[in-house]
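Q: Pasting a structure here, questions to come.
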Amino acid sequence: MKKNFYFLIIILTAIALTLLILIKSKKIGGQNSQSNQKQVSQTPQIKESFRITILDSSFSPNNAFVPRGKEITFLNTDKAIHRIKGENFDSGNLSSGESFNFKFENSGTYEYTCSVHPNVKGKITVK
């Protein structure tokens, strides 16, 4: 019985010390991480990936702006098959859930359509 009591005291002490360490580290680290977050939020974030979603037979966004050299992912979330064609690219048929990636190396304005649904159009401006 005494062994169980001592074991319980040791476990509770270890838990209390762990909680104390966690609480202290959050207070100290929390202030530093908040100031870091403020610095990060003041700096404009550079988007590493760009996505155009196909849903309800439309592109979203249908007018995108991206930096030169960045890759765009076209993601078909529609039930219908779509095929994205532009002057410099062709996705082939995309079923629901499939995607197509293309990197725009040159500045300019690129218009594209869905060759399966010609009234579905979009534009990408690369700077």
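Lettering and numbering for the structure tokens are positional, with chains as A, B, ... in the shown order, residues counted from 1 in each chain, and ligands counted from 1 in the shown order.
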Got a sec: who's within 8 Å of segment 105-107 of chain A, counting only C-alpha atoms, leaving out chain neighbours fewer than 6 positions off, as a count of residues only?

A: 6

Q: What lies within 10 Å of Glu87 of chain A using only C-alpha atoms, ignoring chain neighbours under 4 positions off, as a PDB file with C-alpha atoms, in the first residue's frame?

A:
ATOM      1  CA  TYR A 110      -2.775  34.860 -71.445  1.00  0.00           C
ATOM      2  CA  GLU A 111      -6.372  34.037 -72.262  1.00  0.00           C
ATOM      3  CA  TYR A 112      -7.640  30.486 -71.989  1.00  0.00           C
ATOM      4  CA  THR A 113     -10.874  28.554 -72.398  1.00  0.00           C
TER       5      THR A 113
END

Q: So that I can see what lies close to Asn63 of chain A, please list as a list in words the residues with an atom at most 8 Å from it, counting only C-alpha atoms and leaving out residues fewer than 4 positions away in the same chain.

A: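 Counting only the stated atoms, we get Gly122, Lys123, Ile124 and Thr125 of chain A.
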
Q: Considering only C-alpha atoms, state which residue in the set A:Ser96, A:Phe89, A:Tyr6, A:Thr77 is at the smallest distance from Leu55 of chain A.

A: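 Of all the options, A:Thr77 lies closest to Leu55 of chain A.
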
Q: Would you compute the distance between atom CA of Ser91 of chain A and atom CA of Pro61 of chain A? Give it in Å to one decimal.

A: 17.4 Å

Q: Calculated over only C-alpha atoms, which of the candidates A:Cys114, A:Gly108, A:Phe50, A:Asn62 has the smallest distance to Ile81 of chain A?

A: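 Once distances to Ile81 of chain A are computed over only C-alpha atoms, the minimum belongs to A:Cys114.
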
Q: Write out as number ranges by chain the residues lying within 8 Å of Phe102 of chain A, counting only C-alpha atoms and excluding same-chain residues fewer than 2 positions away.

A: A: 71-73, 89, 100, 104

Q: Grab the atom CA of Asp78 of chain A to atom CA of Phe59 of chain A distance for me, in Å with one decimal place.

A: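 Separation between atom CA of Asp78 of chain A and atom CA of Phe59 of chain A: 10.2 Å.
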